[in-house]
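Asks: Pasting in a structure now, in structure tokens, and then I'll have a few things to ask.
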Amino acid sequence: MKTHNSFDERFEFTGNIKTWSLIAIVIGILVIALGFITNQGERTFDNLLLMGYYFTCVCIAGVFFCAIQYVAQAGWSVAILRIPHAFIKVLPYAAAILIAIIVAGLFLTHTGVSEEGKEVVVPYLYKTWAAKGLTNTGSENYDAIIAGKSGYLNIPFFLARMIIFLGSYSLLGWLLVKYSNNEDSLGGMFNYDKSFKVACLFLVIFGFTIPLFAFDAIMSLEAHWFSTMFGWYNFAALWVSGLSVITLVTIYLRDKGYLSWITEDHLHNMGQLIFGFSVFWTYLWFAQFLLTYYANIPEETEYFYKRWEPQFKIWFWLNIVINFATPLLVLMSRDSKRMIPILKTACIILILGHWLDYFIMIMPGTVGPQSSWATEIGWIEAGVFIGFAGLFTFMIFTALSTFTSLIPKKHPLLEESLHHHI
Amino acid sequence: MSSTKYILGLFDDPDDMMHGIDKLQKNSIPIYDVYTPMPIHGIEAKLGIKDSRLGYAAFMFGCLGGTVIFSMVYYFLVHDWPINIGGKPNFAIPDFIPPTFEWTVLFAAFGMSFTFFYATHLFPGRAPRVMDLRATNDRFVIAIDAKGNVPHEDITNLLKEAGAVEVKHNDRKYVSYE
């Protein structure tokens with residue numbers, strides 16, 4: 001058994017992964033440009049929103065992970081805490097990218113075809129409530145439902161909410177990282193106690209605002225429809241995908257010879273969380289679906305009706321199958337959670353699975369069905385995903401390389417984590 | 001031939017007891033079982049106890065519960081007494097999921113509990129069989145089957161050396177109220 005670990009080791013971001021992440025970013029930029037050139041602006045914008053949202057959510061999951069560890073005074077996670085810390089460092093950039101996408105989508109317009117078949121000038125994103133004239137009683141575009149919601153769904157308030165939510169998550173996350181860095185140099189309980197308070201504050205704010213964040217960013221794409229389940233359903237997706245990414249990054253670093261103190265016990269715990277919250281995600285997905293199915297009210301079923309189009313149906317079902325069956329069948333047994341290759345595969349499947357989850361939330365209500373189910377996911381989807389994956393990899397590892405130590409080396413619960421055993 | 005069936009080493013400190021287990025194992029003395037008032041971390045691995053198979057029982061009971069209720073609801077709502085609910089097909093699978101889920105959980109929970117009671121011989125009215133009464137109070141007990149070839153004095157000495165506060169040579173396996 002290894003008895004000595006070097007805590008002063010720093011992560012160096014070099015080699016293949018850096019090259020490939022930069023190549024991926026270039027591919028992403030080219031695909032986005034090509035998307036606009038080939039006159040598929042709306043589809044490109046929806047993909048940008050999808051990946052911007054996914055990227056931000058994974059970073060928010062980093063703050064949430066740290067916060068619950070502090071509030072629960074959990075010891076086991078200290079060994080991997082630097083990875084969510086790196087996510088937190090990236091969160092402000094991710095939030096800025098998401099807000100930039102949203103602002104551009106709201107204010108850039110194009111000529112689209114409305115549901116009645118008329119040619120109309122609409123913004124690229126949020127056209128169901130942000131298009132001009134929807135709330136003016138005299139206008140030919142007047143929409144009574146949207147006008148009724150405009151007290152909440154109007155551009156200034158919408159953007160203010162986005163900035164306040166993402167700003168507060170970024171700020172509180174930044175404080176957690178700051179306290180942890182101070183702790184590294186000073187030691188003692190002082191910073192830990194402050195982290196605890198900040199984490200409590202974050203969880204309260206997060207709990208109340210994350211459903212609103214999901215309502216705003218994703219649900220308002222189809223502003224006529226609403227579901228009170230949607231916020232928590234998105235939270236579950238955020239948390240499962242965030243945990244999967246944290247685990248995947250941990251496994252990668254471990255394979256590269258860093259984080260020598262991380263044993264399969266830590267990864268086992270991550271596997272348990274992924275397994276449990278995947279079931280939670282399924283529960284919420286199904287609760288939202290069943291209530292709509294059972295009540296059968298037209299204004300609610302319209303959402304699933306769109307996802308029932310033959311072009312989307314196969315993806316719709318694939319979503320629930322992979323995001324539920326993969327963790328259930330692969331991660332249920334103790335041994336498979338402790339076998340790194342299996343855990344890694346499950347994480348990759350879940351990361352792609354939750355991309356599909358967001359895809360199914362966004363696409364049917366915005367660009368609508370393409371010619372066949374196979375062309376639904378085309379080069380734009382793949383390219384934007386690759387671009388953001390590269391951007392994420394690049395930013396996370398750059399952030400990680402700025403830490404002087406890959407573990408909070410003076411964390412009061414460090415010893416417990418190093419001897420973690422389940 | 002002595003009438004001793006089991007030798008018990010009683011410790012008042014879990015670390016001493018772990019030390020005692022090491023000593024006995026080093027001298028190739030098979031340990032019958034260890035009784036402690038509280039869970040001791042890592043003791044299963046040290047004693048080489050196999051993983052519990054309770055999870056398999058839970059899984060099987062869960063499958064049973066899910067199958068039973070699904071068949072029942074199918075029989076009621078599709079075969080025996082079809083009702084038109086909101087114009088849906090009689091075999092409306094999404095509606096079947098909540099009871100299936102609940103019964104899966106119910107059967108898994110009860111099945112697992114009863115399996116555990118069965119395996120550990122616990123049921124209402126049964127006095128639990130214990131090898132030493134203080135093992136549920138403040139003593140950490142190592143039990144050694146005395147039928148091996150190792151001289152009993154050696155075992156006693158090893159236990160004493162390891163810090164046992166008392167060593168018992170019992171003629172009966174259990175001291176209980178039965």
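Residues are referred to by chain and number: the chain letter is A, B, ... according to the order shown in the structure tokens, the number counts from 1 in that chain, and ligands are numbered separately from 1 in the order shown.
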Determine which residues of range 296-416 of chain A DSSP labels as helix (DSSP H, G or I) from the backbone of this structure, then write them out as a ChimeraX atom specification.
Replies: /A:298-307,310-330,334-338,340-365,373-375,379-401,414-416
Asks: Could the residues of range 152-244 of chain A that have an atom at most 6 Å from range 56-72 of chain A be listed as JSON lines, each with its closest atom pair and the distance in Å to one decimal, counting only C-alpha atoms and ordered by chain and ascending residue number?
Replies:
```
{"residue": "A:Gly173", "atom": "CA", "partner": "A:Val63", "partner_atom": "CA", "distance": 5.4}
{"residue": "A:Phe196", "atom": "CA", "partner": "A:Tyr70", "partner_atom": "CA", "distance": 5.3}
{"residue": "A:Ala199", "atom": "CA", "partner": "A:Ala67", "partner_atom": "CA", "distance": 4.4}
{"residue": "A:Leu238", "atom": "CA", "partner": "A:Cys57", "partner_atom": "CA", "distance": 5.5}
{"residue": "A:Trp239", "atom": "CA", "partner": "A:Ala61", "partner_atom": "CA", "distance": 5.7}
{"residue": "A:Gly242", "atom": "CA", "partner": "A:Val58", "partner_atom": "CA", "distance": 4.5}
```
Asks: Give me the residues near Ile351 in chain A as a ChimeraX atom specification, where near means some atom within 10 Å (using only C-alpha atoms) and where sequence neighbours in that chain fewer than 2 positions away do not count.
Replies: /A:54,237,240-245,248,323,345-349,353-357
Asks: Counting only C-alpha atoms, a student should be able to say which residues of chain B come within 12 Å of chain A; what is the right answer, written as a PyMOL selection string?
Replies: chain B and resi 41-45+51-53+55-56+59+85-89+92-98+101
Asks: Only N, CA and C atoms, please: the residues just picked out, written as a short mmCIF file (atom, residue, chain, number, x, y, z; two decimals), in the first residue's frame.
Replies:
```
data_model
loop_
_atom_site.label_atom_id
_atom_site.label_comp_id
_atom_site.auth_asym_id
_atom_site.auth_seq_id
_atom_site.Cartn_x
_atom_site.Cartn_y
_atom_site.Cartn_z
N HIS B 41 -14.35 -1.16 11.33
CA HIS B 41 -14.02 -0.93 9.93
C HIS B 41 -12.96 -1.91 9.44
N GLY B 42 -13.21 -2.52 8.30
CA GLY B 42 -12.20 -3.36 7.67
C GLY B 42 -12.06 -4.75 8.25
N ILE B 43 -12.97 -5.12 9.17
CA ILE B 43 -12.82 -6.41 9.82
C ILE B 43 -13.23 -7.55 8.89
N GLU B 44 -14.19 -7.29 7.99
CA GLU B 44 -14.62 -8.37 7.07
C GLU B 44 -13.45 -8.79 6.19
N ALA B 45 -12.73 -7.79 5.70
CA ALA B 45 -11.61 -8.11 4.81
C ALA B 45 -10.56 -8.90 5.57
N ASP B 51 -18.63 -11.54 0.63
CA ASP B 51 -19.65 -10.50 0.50
C ASP B 51 -21.03 -11.08 0.74
N SER B 52 -21.86 -10.28 1.35
CA SER B 52 -23.23 -10.73 1.62
C SER B 52 -23.98 -10.99 0.32
N ARG B 53 -24.79 -12.02 0.32
CA ARG B 53 -25.59 -12.31 -0.87
C ARG B 53 -27.01 -11.75 -0.74
N GLY B 55 -28.09 -8.89 -1.41
CA GLY B 55 -28.47 -8.10 -2.58
C GLY B 55 -29.14 -8.96 -3.64
N TYR B 56 -28.65 -10.19 -3.81
CA TYR B 56 -29.27 -11.07 -4.82
C TYR B 56 -30.71 -11.40 -4.41
N PHE B 59 -32.83 -8.47 -5.18
CA PHE B 59 -33.08 -8.38 -6.62
C PHE B 59 -34.17 -9.37 -7.04
N ILE B 85 -60.72 4.42 -19.98
CA ILE B 85 -60.29 5.57 -19.18
C ILE B 85 -59.69 6.61 -20.13
N GLY B 86 -60.42 7.68 -20.31
CA GLY B 86 -59.93 8.78 -21.15
C GLY B 86 -59.62 8.34 -22.58
N GLY B 87 -60.28 7.31 -23.05
CA GLY B 87 -60.08 6.87 -24.43
C GLY B 87 -58.75 6.18 -24.67
N LYS B 88 -58.07 5.82 -23.61
CA LYS B 88 -56.75 5.20 -23.78
C LYS B 88 -56.92 3.71 -24.05
N PRO B 89 -55.91 3.09 -24.64
CA PRO B 89 -55.98 1.63 -24.80
C PRO B 89 -56.06 0.97 -23.42
N ALA B 92 -52.52 0.21 -21.22
CA ALA B 92 -51.79 1.47 -21.23
C ALA B 92 -50.57 1.33 -20.33
N ILE B 93 -49.45 0.94 -20.91
CA ILE B 93 -48.28 0.59 -20.09
C ILE B 93 -47.84 1.71 -19.14
N PRO B 94 -47.78 2.98 -19.58
CA PRO B 94 -47.31 4.00 -18.63
C PRO B 94 -48.10 4.02 -17.33
N ASP B 95 -49.41 3.75 -17.42
CA ASP B 95 -50.21 3.73 -16.19
C ASP B 95 -49.85 2.55 -15.29
N PHE B 96 -49.27 1.52 -15.87
CA PHE B 96 -48.93 0.34 -15.08
C PHE B 96 -47.63 0.52 -14.31
N ILE B 97 -46.83 1.50 -14.74
CA ILE B 97 -45.48 1.62 -14.17
C ILE B 97 -45.52 1.96 -12.67
N PRO B 98 -46.31 2.96 -12.21
CA PRO B 98 -46.23 3.28 -10.78
C PRO B 98 -46.53 2.10 -9.86
N PHE B 101 -43.59 -0.27 -9.99
CA PHE B 101 -42.45 0.26 -9.23
C PHE B 101 -42.67 0.06 -7.74
#
```
Asks: From the options B:Val105, B:Val73, B:Leu8, B:Met131, which residue's atoms come nearest to Glu166 in chain B, counting only C-alpha atoms?
Replies: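 With only C-alpha atoms as the atom set, the closest residue is B:Leu8.
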Asks: Pick from A:Leu134, A:Thr247, A:Val122, A:Gly105: nearest to Asn269 in chain A, with only C-alpha atoms counted?
Replies: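 Using only C-alpha atoms, the shortest distance to Asn269 in chain A belongs to A:Thr247.
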Asks: Have a look at A:Ser220, A:Thr292, A:Ser170, A:Asn191 and name the one nearest to Ser150 in chain A; count only C-alpha atoms.
Replies: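 Smallest distance to Ser150 in chain A is found for A:Ser220.
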Asks: Skipping near chain neighbours, those fewer than 3 positions away, what residues fall within 7 Å of Ala162 in chain B using only C-alpha atoms, listed as an MDAnalysis selection string?
Replies: chainID B and resid 16 19:20 158:159
Asks: Given only C-alpha atoms as the basis, pick out the residue of B:Ile29, B:Ile7, B:Ile83, B:Met18 nearest to Gly163 in chain B.
Replies: B:Met18
Asks: What parts of range 72-251 of chain A does DSSP call strand (DSSP E or B)? I'd like the answer as a VMD selection string.
Replies: chain A and resid 109 to 113 119 to 123
Asks: Report the distance between CA of Ile320 in chain A and CA of Phe275 in chain A in Å, rounded to one decimal place.
Replies: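 Going from CA of Ile320 in chain A over to CA of Phe275 in chain A covers 14.3 Å.
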Asks: Neighbours of Arg82 in chain A within 9 Å (only C-alpha atoms; same-chain residues fewer than 5 positions away dropped), as JSON, numbers by chain?
Replies: {"A": [87, 177, 400, 403, 405, 406, 407, 408]}
